[in-house]
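What follows is the content of model.pdb (PDB, C-alpha atoms).
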ATOM      1  CA  GLY A1297      37.024 -69.819  75.124
ATOM      2  CA  GLU A1298      34.487 -67.015  75.149
ATOM      3  CA  SER A1299      33.775 -67.203  78.907
ATOM      4  CA  HIS A1300      37.509 -66.873  79.707
ATOM      5  CA  LYS A1301      37.698 -63.747  77.561
ATOM      6  CA  ARG A1302      34.627 -62.320  79.288
ATOM      7  CA  SER A1303      36.168 -63.009  82.721
ATOM      8  CA  PHE A1304      39.389 -61.220  81.750
ATOM      9  CA  VAL A1305      37.441 -58.265  80.324
ATOM     10  CA  ILE A1306      35.390 -57.881  83.535
ATOM     11  CA  LEU A1307      38.526 -58.212  85.722
ATOM     12  CA  GLY A1308      40.258 -55.635  83.501
ATOM     13  CA  GLY A1309      37.267 -53.278  83.830
ATOM     14  CA  VAL A1310      37.207 -53.562  87.642
ATOM     15  CA  PHE A1311      40.987 -53.022  87.743
ATOM     16  CA  ALA A1312      40.690 -49.907  85.549
ATOM     17  CA  ALA A1313      37.931 -48.532  87.812
ATOM     18  CA  ALA A1314      40.151 -49.122  90.883
ATOM     19  CA  ILE A1315      43.086 -47.333  89.193
ATOM     20  CA  ALA A1316      40.764 -44.405  88.410
ATOM     21  CA  ALA A1317      39.651 -44.280  92.068
ATOM     22  CA  LEU A1318      43.307 -44.249  93.210
ATOM     23  CA  TRP A1319      44.041 -41.454  90.738
ATOM     24  CA  ILE A1320      41.174 -39.345  92.180
ATOM     25  CA  ILE A1321      42.576 -39.908  95.712
ATOM     26  CA  TYR A1322      46.096 -39.044  94.476
ATOM     27  CA  SER A1323      44.805 -35.862  92.790
ATOM     28  CA  ASN A1324      43.242 -34.714  96.060
ATOM     29  CA  LEU A1325      46.371 -35.160  98.162
ATOM     30  CA  PRO A1326      47.851 -32.045  99.796
ATOM     31  CA  GLU A1327      50.099 -30.060  97.478
ATOM     32  CA  LEU A1328      53.545 -31.661  97.470
ATOM     33  CA  SER A1329      56.885 -30.270  96.362
ATOM     34  CA  PRO A1330      58.378 -31.900  93.201
ATOM     35  CA  GLU A1331      61.143 -33.376  95.353
ATOM     36  CA  HIS A1332      58.563 -35.145  97.555
ATOM     37  CA  LEU A1333      56.153 -36.000  94.733
ATOM     38  CA  GLN A1334      58.610 -38.394  93.060
ATOM     39  CA  HIS A1335      58.501 -40.666  96.134
ATOM     40  CA  ILE A1336      54.678 -40.914  96.275
ATOM     41  CA  LYS A1337      54.251 -44.361  94.720
ATOM     42  CA  LEU A1338      53.450 -47.897  95.809
ATOM     43  CA  PRO A1339      56.693 -49.251  97.315
ATOM     44  CA  ARG A1340      58.327 -52.083  95.377
ATOM     45  CA  ASP A1341      61.259 -52.547  97.769
ATOM     46  CA  ILE A1342      62.447 -51.425 101.198
ATOM     47  CA  ASP A1343      64.225 -48.327  99.795
ATOM     48  CA  ASP A1344      60.951 -47.136  98.235
ATOM     49  CA  ALA A1345      59.246 -47.706 101.609
ATOM     50  CA  LYS A1346      61.933 -45.663 103.407
ATOM     51  CA  GLU A1347      61.568 -42.707 101.028
ATOM     52  CA  LEU A1348      57.777 -42.905 101.116
ATOM     53  CA  GLY A1349      57.821 -43.045 104.927
ATOM     54  CA  ARG A1350      60.149 -40.029 105.089
ATOM     55  CA  VAL A1351      57.871 -37.935 102.846
ATOM     56  CA  ILE A1352      54.575 -39.015 104.447
ATOM     57  CA  SER A1353      55.870 -38.346 107.971
ATOM     58  CA  ILE A1354      56.357 -34.676 106.954
ATOM     59  CA  TYR A1355      52.679 -34.339 105.957
ATOM     60  CA  LYS A1356      51.108 -36.743 108.459
ATOM     61  CA  ASP A1357      50.722 -34.326 111.379
ATOM     62  CA  THR A1358      48.897 -31.684 109.323
ATOM     63  CA  HIS A1359      46.951 -34.100 107.046
ATOM     64  CA  TYR A1360      46.502 -37.151 109.295
ATOM     65  CA  PHE A1361      43.166 -38.454 107.925
ATOM     66  CA  SER A1362      44.136 -37.752 104.327
ATOM     67  CA  VAL A1363      47.323 -39.805 104.825
ATOM     68  CA  MET A1364      45.444 -42.609 106.604
ATOM     69  CA  GLY A1365      42.697 -42.703 103.941
ATOM     70  CA  THR A1366      45.268 -42.929 101.131
ATOM     71  CA  TYR A1367      47.151 -45.679 102.978
ATOM     72  CA  PHE A1368      43.841 -47.549 103.476
ATOM     73  CA  ALA A1369      42.924 -47.298  99.774
ATOM     74  CA  CYS A1370      46.380 -48.375  98.537
ATOM     75  CA  TYR A1371      46.548 -51.372 100.870
ATOM     76  CA  ILE A1372      43.068 -52.562  99.851
ATOM     77  CA  PHE A1373      43.947 -52.070  96.158
ATOM     78  CA  LEU A1374      47.035 -54.326  96.459
ATOM     79  CA  GLN A1375      45.094 -56.994  98.366
ATOM     80  CA  THR A1376      42.066 -56.904  96.052
ATOM     81  CA  PHE A1377      44.137 -57.604  92.932
ATOM     82  CA  ALA A1378      46.730 -59.857  94.628
ATOM     83  CA  ILE A1379      49.557 -57.428  93.788
ATOM     84  CA  PRO A1380      52.764 -57.959  95.824
ATOM     85  CA  GLY A1381      53.878 -55.075  98.036
ATOM     86  CA  SER A1382      51.491 -54.992 101.006
ATOM     87  CA  ILE A1383      54.347 -56.197 103.277
ATOM     88  CA  PHE A1384      56.056 -52.825 102.699
ATOM     89  CA  LEU A1385      52.852 -50.981 103.626
ATOM     90  CA  SER A1386      52.573 -53.129 106.790
ATOM     91  CA  ILE A1387      56.139 -52.182 107.764
ATOM     92  CA  LEU A1388      55.370 -48.541 106.915
ATOM     93  CA  SER A1389      52.387 -48.535 109.305
ATOM     94  CA  GLY A1390      54.760 -49.246 112.209
ATOM     95  CA  PHE A1391      56.739 -46.166 111.220
ATOM     96  CA  LEU A1392      53.762 -43.844 110.589
ATOM     97  CA  PHE A1393      51.001 -44.780 113.030
ATOM     98  CA  SER A1394      50.802 -45.531 116.739
ATOM     99  CA  PHE A1395      49.817 -48.871 118.245
ATOM    100  CA  PRO A1396      47.098 -50.262 118.237
ATOM    101  CA  THR A1397      45.812 -48.008 115.390
ATOM    102  CA  ASN A1398      48.322 -49.534 112.961
ATOM    103  CA  LEU A1399      47.379 -53.129 113.878
ATOM    104  CA  VAL A1400      43.623 -52.501 113.462
ATOM    105  CA  LEU A1401      44.380 -50.703 110.181
ATOM    106  CA  ILE A1402      46.418 -53.601 108.735
ATOM    107  CA  CYS A1403      43.937 -56.274 109.890
ATOM    108  CA  SER A1404      40.990 -54.284 108.475
ATOM    109  CA  CYS A1405      42.729 -53.570 105.150
ATOM    110  CA  SER A1406      43.786 -57.223 104.831
ATOM    111  CA  ALA A1407      40.273 -58.509 105.579
ATOM    112  CA  ILE A1408      38.526 -56.015 103.256
ATOM    113  CA  GLY A1409      41.039 -56.440 100.416
ATOM    114  CA  ALA A1410      41.042 -60.242 100.706
ATOM    115  CA  THR A1411      37.212 -60.245 100.735
ATOM    116  CA  ASN A1412      37.150 -58.060  97.599
ATOM    117  CA  CYS A1413      39.493 -60.555  95.916
ATOM    118  CA  PHE A1414      37.314 -63.442  97.157
ATOM    119  CA  LEU A1415      34.117 -61.832  95.767
ATOM    120  CA  LEU A1416      35.796 -60.840  92.501
ATOM    121  CA  PHE A1417      37.013 -64.380  91.840
ATOM    122  CA  SER A1418      33.753 -65.942  92.986
ATOM    123  CA  LEU A1419      31.943 -63.840  90.355
ATOM    124  CA  VAL A1420      34.306 -63.928  87.389
ATOM    125  CA  GLY A1421      37.515 -65.737  88.287
ATOM    126  CA  ARG A1422      36.504 -69.344  88.948
ATOM    127  CA  LYS A1423      37.399 -70.607  85.461
ATOM    128  CA  ILE A1424      40.664 -68.647  85.461
ATOM    129  CA  VAL A1425      41.793 -70.233  88.767
ATOM    130  CA  VAL A1426      40.803 -73.772  87.715
ATOM    131  CA  ARG A1427      42.496 -73.339  84.330
ATOM    132  CA  TYR A1428      45.827 -71.961  85.595
ATOM    133  CA  PHE A1429      46.174 -73.778  88.947
ATOM    134  CA  PRO A1430      44.291 -77.086  88.473
ATOM    135  CA  GLU A1431      46.578 -79.294  90.605
ATOM    136  CA  ARG A1432      47.019 -76.774  93.433
ATOM    137  CA  VAL A1433      43.240 -76.217  93.581
ATOM    138  CA  GLN A1434      42.625 -79.961  93.745
ATOM    139  CA  THR A1435      45.240 -80.467  96.483
ATOM    140  CA  TRP A1436      43.967 -77.593  98.596
ATOM    141  CA  ASN A1437      40.348 -78.642  98.103
ATOM    142  CA  ALA A1438      41.214 -82.016  99.674
ATOM    143  CA  GLN A1439      42.848 -80.205 102.627
ATOM    144  CA  VAL A1440      39.863 -77.892 103.132
ATOM    145  CA  ASP A1441      37.466 -80.863 103.022
ATOM    146  CA  LYS A1442      39.301 -82.324 106.037
ATOM    147  CA  HIS A1443      38.670 -79.082 107.978
ATOM    148  CA  ARG A1444      35.106 -78.261 106.859
ATOM    149  CA  ASP A1445      33.823 -78.296 110.454
ATOM    150  CA  SER A1446      36.631 -76.020 111.733
ATOM    151  CA  LEU A1447      37.300 -73.642 108.848
ATOM    152  CA  LEU A1448      37.741 -70.545 111.030
ATOM    153  CA  ASN A1449      40.688 -72.149 112.870
ATOM    154  CA  TYR A1450      42.101 -73.458 109.591
ATOM    155  CA  ILE A1451      42.005 -70.033 107.880
ATOM    156  CA  ILE A1452      43.627 -68.412 110.949
ATOM    157  CA  PHE A1453      46.324 -71.127 110.800
ATOM    158  CA  LEU A1454      46.971 -70.465 107.084
ATOM    159  CA  ARG A1455      47.169 -66.687 107.567
ATOM    160  CA  ILE A1456      49.662 -66.971 110.441
ATOM    161  CA  THR A1457      51.913 -69.556 108.794
ATOM    162  CA  PRO A1458      53.753 -69.175 105.451
ATOM    163  CA  PHE A1459      52.630 -72.528 103.983
ATOM    164  CA  LEU A1460      50.270 -71.052 101.370
ATOM    165  CA  PRO A1461      50.622 -67.623  99.713
ATOM    166  CA  ASN A1462      47.830 -65.198 100.638
ATOM    167  CA  TRP A1463      46.998 -64.395  97.015
ATOM    168  CA  PHE A1464      46.316 -68.093  96.352
ATOM    169  CA  ILE A1465      44.065 -68.388  99.433
ATOM    170  CA  ASN A1466      42.109 -65.280  98.341
ATOM    171  CA  MET A1467      41.599 -66.425  94.738
ATOM    172  CA  CYS A1468      41.024 -70.099  95.425
ATOM    173  CA  SER A1469      38.712 -69.997  98.488
ATOM    174  CA  PRO A1470      35.488 -69.125  96.591
ATOM    175  CA  VAL A1471      36.285 -71.762  93.957
ATOM    176  CA  ILE A1472      36.430 -74.608  96.506
ATOM    177  CA  GLY A1473      33.446 -73.408  98.528
ATOM    178  CA  VAL A1474      35.003 -71.716 101.575
ATOM    179  CA  PRO A1475      32.140 -69.652 103.132
ATOM    180  CA  VAL A1476      32.600 -65.870 103.499
ATOM    181  CA  PHE A1477      32.229 -65.761 107.312
ATOM    182  CA  PRO A1478      35.238 -67.938 108.322
ATOM    183  CA  PHE A1479      37.222 -66.449 105.430
ATOM    184  CA  VAL A1480      36.744 -62.817 106.565
ATOM    185  CA  PHE A1481      37.128 -63.356 110.317
ATOM    186  CA  GLY A1482      39.912 -65.918 109.897
ATOM    187  CA  THR A1483      41.799 -63.385 107.777
ATOM    188  CA  PHE A1484      41.234 -60.498 110.215
ATOM    189  CA  LEU A1485      42.477 -62.542 113.188
ATOM    190  CA  GLY A1486      45.143 -64.562 111.377
ATOM    191  CA  VAL A1487      47.057 -61.629 109.879
ATOM    192  CA  ALA A1488      47.494 -60.014 113.326
ATOM    193  CA  PRO A1489      50.595 -61.969 114.518
ATOM    194  CA  PRO A1490      52.664 -61.451 111.302
ATOM    195  CA  SER A1491      51.462 -57.819 111.227
ATOM    196  CA  LEU A1492      52.786 -57.235 114.758
ATOM    197  CA  LEU A1493      56.241 -58.259 113.517
ATOM    198  CA  ALA A1494      55.949 -55.908 110.516
ATOM    199  CA  ILE A1495      54.861 -53.057 112.823
ATOM    200  CA  GLN A1496      57.813 -53.754 115.114
ATOM    201  CA  ALA A1497      60.144 -53.685 112.097
ATOM    202  CA  GLY A1498      58.604 -50.383 110.973
ATOM    203  CA  LYS A1499      59.764 -48.720 114.178
ATOM    204  CA  THR A1500      63.328 -49.232 112.917
ATOM    205  CA  LEU A1501      62.464 -48.682 109.229
ATOM    206  CA  HIS A1502      65.648 -46.772 108.390
ATOM    207  CA  THR A1503      67.899 -49.630 109.555
ATOM    208  CA  LEU A1504      66.194 -52.311 107.398
ATOM    209  CA  THR A1505      67.939 -53.481 104.233
ATOM    210  CA  SER A1506      65.165 -55.764 102.916
ATOM    211  CA  ALA A1507      61.611 -56.893 103.752
ATOM    212  CA  SER A1508      62.992 -60.213 105.037
ATOM    213  CA  ASP A1509      64.680 -58.271 107.876
ATOM    214  CA  ALA A1510      61.183 -57.723 109.307
ATOM    215  CA  VAL A1511      61.085 -61.335 110.548
ATOM    216  CA  SER A1512      64.051 -63.000 112.278
ATOM    217  CA  PRO A1513      64.509 -66.816 112.036
ATOM    218  CA  LEU A1514      63.310 -67.155 115.657
ATOM    219  CA  GLN A1515      60.184 -65.056 114.975
ATOM    220  CA  PHE A1516      59.540 -67.135 111.852
ATOM    221  CA  VAL A1517      59.599 -70.336 113.948
ATOM    222  CA  LEU A1518      57.362 -68.699 116.590
ATOM    223  CA  LEU A1519      54.784 -67.834 113.902
ATOM    224  CA  ILE A1520      54.669 -71.456 112.754
ATOM    225  CA  VAL A1521      54.328 -72.677 116.374
ATOM    226  CA  LEU A1522      51.538 -70.134 116.976
ATOM    227  CA  GLY A1523      49.804 -71.309 113.801
ATOM    228  CA  PHE A1524      49.847 -74.918 115.029
ATOM    229  CA  LEU A1525      48.536 -73.809 118.440
ATOM    230  CA  THR A1526      45.401 -72.443 116.722
ATOM    231  CA  MET A1527      44.718 -75.985 115.473
ATOM    232  CA  ILE A1528      44.887 -77.610 118.959
ATOM    233  CA  PRO A1529      41.143 -77.032 119.665
ATOM    234  CA  VAL A1530      40.397 -78.748 116.345
ATOM    235  CA  VAL A1531      42.530 -81.784 117.271
ATOM    236  CA  PHE A1532      40.721 -82.079 120.646
ATOM    237  CA  LYS A1533      37.358 -81.680 118.926
ATOM    238  CA  HIS A1534      38.112 -84.580 116.545
ATOM    239  CA  TYR A1535      39.495 -86.668 119.405
ATOM    240  CA  PHE A1536      36.367 -86.278 121.578
ATOM    241  CA  LYS A1537      34.122 -86.771 118.561
ATOM    242  CA  GLN A1538      35.752 -90.150 117.846
ATOM    243  CA  LYS A1539      35.554 -91.074 121.543
ATOM    244  CA  LEU A1540      31.811 -90.353 121.610
ATOM    245  CA  GLN A1541      31.279 -92.408 118.480
TER
END
What does this structure look like when you write it as structure tokens?
Amino acid sequence: GESHKRSFVILGGVFAAAIAALWIIYSNLPELSPEHLQHIKLPRDIDDAKELGRVISIYKDTHYFSVMGTYFACYIFLQTFAIPGSIFLSILSGFLFSFPTNLVLICSCSAIGATNCFLLFSLVGRKIVVRYFPERVQTWNAQVDKHRDSLLNYIIFLRITPFLPNWFINMCSPVIGVPVFPFVFGTFLGVAPPSLLAIQAGKTLHTLTSASDAVSPLQFVLLIVLGFLTMIPVVFKHYFKQKLQ
């Protein structure tokens, strides 16, 4: 009804304001040749990322903070509005920036962007999420209820493992009452392991043929194992709690 329309209008207004902010940043970039300018866009596939990386690397040494600021803004924009493509920016950071700058950059962008999405949906998106994902919200709410006393570990686990898409976690968390503190810090810490793999892949950017090349089957299994390791303290906590009772 009327409240749904209002939510969409507010979301649309915030999105338009973010696009305007990106345009201002884009307008203030160093002067680029027409040949380079055509590749300055948010990467949709690995070939876009390669071309973008090639162009940015030319300007990075002379306009380091301008390049980093633009990267920061674009990454946060994608995360805030749950737009796919941040994986390509993560890979690109391995190509453009040195370690550990690139890791801190990705973790910060992920945490800030995810928090923006969280706040946006807590203010105007609750009804949209419940309307379009009723069963998934209900299922995940039951899962979160089981981990209410260890939400930080649970969020870290979800960010490391591929069991739930990040956009769903960001949109749904405020709806089911996940507090901001474990959400922000769990995101910052949890995205680090997958980001390390993306950074590693970025070092060989020109040999990649798709984003899936960034993670080998063995690395994929290691991420899942690492995710489960973060839940071990929780298992012990429950075990000792039951023993004391």
Non-local contacts of Phe1414 (chain A) (8 Å; all atoms listed in the file; under 6 positions in same chain excluded) as a ChimeraX atom specification: /A:1466-1470
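Atom to atom, CA of Phe1368 (chain A) and CA of Phe1459 (chain A) stand 26.5 Å apart.
Of the residues listed (A:Phe1377, A:His1300, A:Arg1350, A:Ala1345), A:Phe1377 shows the shortest atom-to-atom separation from Ala1314 (chain A); distances use all atoms listed in the file.
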Distance query 6 Å from (56.1, -71.5, 109.5) using all atoms listed in the file, result as a PyMOL selection string: chain A and resi 1457-1458+1517+1519-1520
With the PyMOL selection byres ((chain A and resi 1475) around 12) as the selection, what would be picked from this file? Answer as a CSV table (one decimal) with C-alpha atoms, in the coordinates of the input, please.
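The resulting file, expr26.csv, is reproduced below:
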chain,number,residue,atom,x,y,z
A,1411,THR,CA,37.2,-60.2,100.7
A,1414,PHE,CA,37.3,-63.4,97.2
A,1415,LEU,CA,34.1,-61.8,95.8
A,1418,SER,CA,33.8,-65.9,93.0
A,1440,VAL,CA,39.9,-77.9,103.1
A,1444,ARG,CA,35.1,-78.3,106.9
A,1445,ASP,CA,33.8,-78.3,110.5
A,1446,SER,CA,36.6,-76.0,111.7
A,1447,LEU,CA,37.3,-73.6,108.8
A,1448,LEU,CA,37.7,-70.5,111.0
A,1451,ILE,CA,42.0,-70.0,107.9
A,1466,ASN,CA,42.1,-65.3,98.3
A,1468,CYS,CA,41.0,-70.1,95.4
A,1469,SER,CA,38.7,-70.0,98.5
A,1470,PRO,CA,35.5,-69.1,96.6
A,1471,VAL,CA,36.3,-71.8,94.0
A,1472,ILE,CA,36.4,-74.6,96.5
A,1473,GLY,CA,33.4,-73.4,98.5
A,1474,VAL,CA,35.0,-71.7,101.6
A,1476,VAL,CA,32.6,-65.9,103.5
A,1477,PHE,CA,32.2,-65.8,107.3
A,1478,PRO,CA,35.2,-67.9,108.3
A,1479,PHE,CA,37.2,-66.4,105.4
A,1480,VAL,CA,36.7,-62.8,106.6
A,1481,PHE,CA,37.1,-63.4,110.3
A,1482,GLY,CA,39.9,-65.9,109.9
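Residues surrounding region 1383-1397 of chain A within 8 Å are Pro1339, Arg1340, Asp1341, Ile1342, Ala1345, Lys1346, Gly1349, Ile1352, Ser1353, Lys1356, Tyr1367, Tyr1371, Ser1491, Ala1494, Ile1495, Gln1496, Ala1497, Gly1498, Lys1499, Thr1500, Leu1501, Ala1507 and Ala1510 of chain A [only C-alpha atoms; sequence separation below 6 positions excluded].
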Any chance you could resolve the PyMOL selection byres ((chain A and resi 1322) around 12) against this file and give the residues as a CSV table (one decimal) with C-alpha atoms, in the coordinates of the input?
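Output contents, as saved in expr10.csv:
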chain,number,residue,atom,x,y,z
A,1315,ILE,CA,43.1,-47.3,89.2
A,1316,ALA,CA,40.8,-44.4,88.4
A,1317,ALA,CA,39.7,-44.3,92.1
A,1318,LEU,CA,43.3,-44.2,93.2
A,1319,TRP,CA,44.0,-41.5,90.7
A,1320,ILE,CA,41.2,-39.3,92.2
A,1321,ILE,CA,42.6,-39.9,95.7
A,1323,SER,CA,44.8,-35.9,92.8
A,1324,ASN,CA,43.2,-34.7,96.1
A,1325,LEU,CA,46.4,-35.2,98.2
A,1326,PRO,CA,47.9,-32.0,99.8
A,1327,GLU,CA,50.1,-30.1,97.5
A,1328,LEU,CA,53.5,-31.7,97.5
A,1333,LEU,CA,56.2,-36.0,94.7
A,1336,ILE,CA,54.7,-40.9,96.3
A,1337,LYS,CA,54.3,-44.4,94.7
A,1338,LEU,CA,53.4,-47.9,95.8
A,1362,SER,CA,44.1,-37.8,104.3
A,1363,VAL,CA,47.3,-39.8,104.8
A,1365,GLY,CA,42.7,-42.7,103.9
A,1366,THR,CA,45.3,-42.9,101.1
A,1367,TYR,CA,47.2,-45.7,103.0
A,1369,ALA,CA,42.9,-47.3,99.8
A,1370,CYS,CA,46.4,-48.4,98.5
Point-to-point distance from CA of Thr1435 (chain A) to CA of Leu1307 (chain A), Å rounded to tenths: 25.6 Å
Sel. within 7 Å of pt (56.3, -33.0, 100.5), counting only C-alpha atoms, output as a PyMOL selection string: chain A and resi 1328-1329+1332-1333+1351+1354-1355
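The gap separating CA of Phe1373 (chain A) from CA of Ala1410 (chain A) is 9.8 Å, in Å to one decimal.
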Enclosing box along x, y and z for every listed atom of region 1483-1489 of chain A, padded 5 Å each side, centre and size in Å, one decimal, as lines of an AutoDock Vina configuration file:
center_x = 45.9
center_y = -62.3
center_z = 111.1
size_x = 19.4
size_y = 14.5
size_z = 16.7
Nearest candidate to Phe1453 (chain A) (options A:Leu1525, A:Leu1401, A:Leu1492, A:Leu1419; using only C-alpha atoms): A:Leu1525
Shell of 9 Å around Val1400 (chain A), all atoms listed in the file, local chain residues under 5 positions omitted, as a list in words: Phe1395, Cys1405, Phe1484 and Ala1488 of chain A
Which of A:Cys1413, A:Ala1313, A:Val1530, A:Ile1456 sits closest to Leu1518 (chain A) [using only C-alpha atoms]: A:Ile1456
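Using all atoms listed in the file for every distance, the candidate list A:Pro1461, A:Tyr1428, A:Thr1526, A:Thr1376 yields A:Thr1376 as the residue closest to Leu1416 (chain A).
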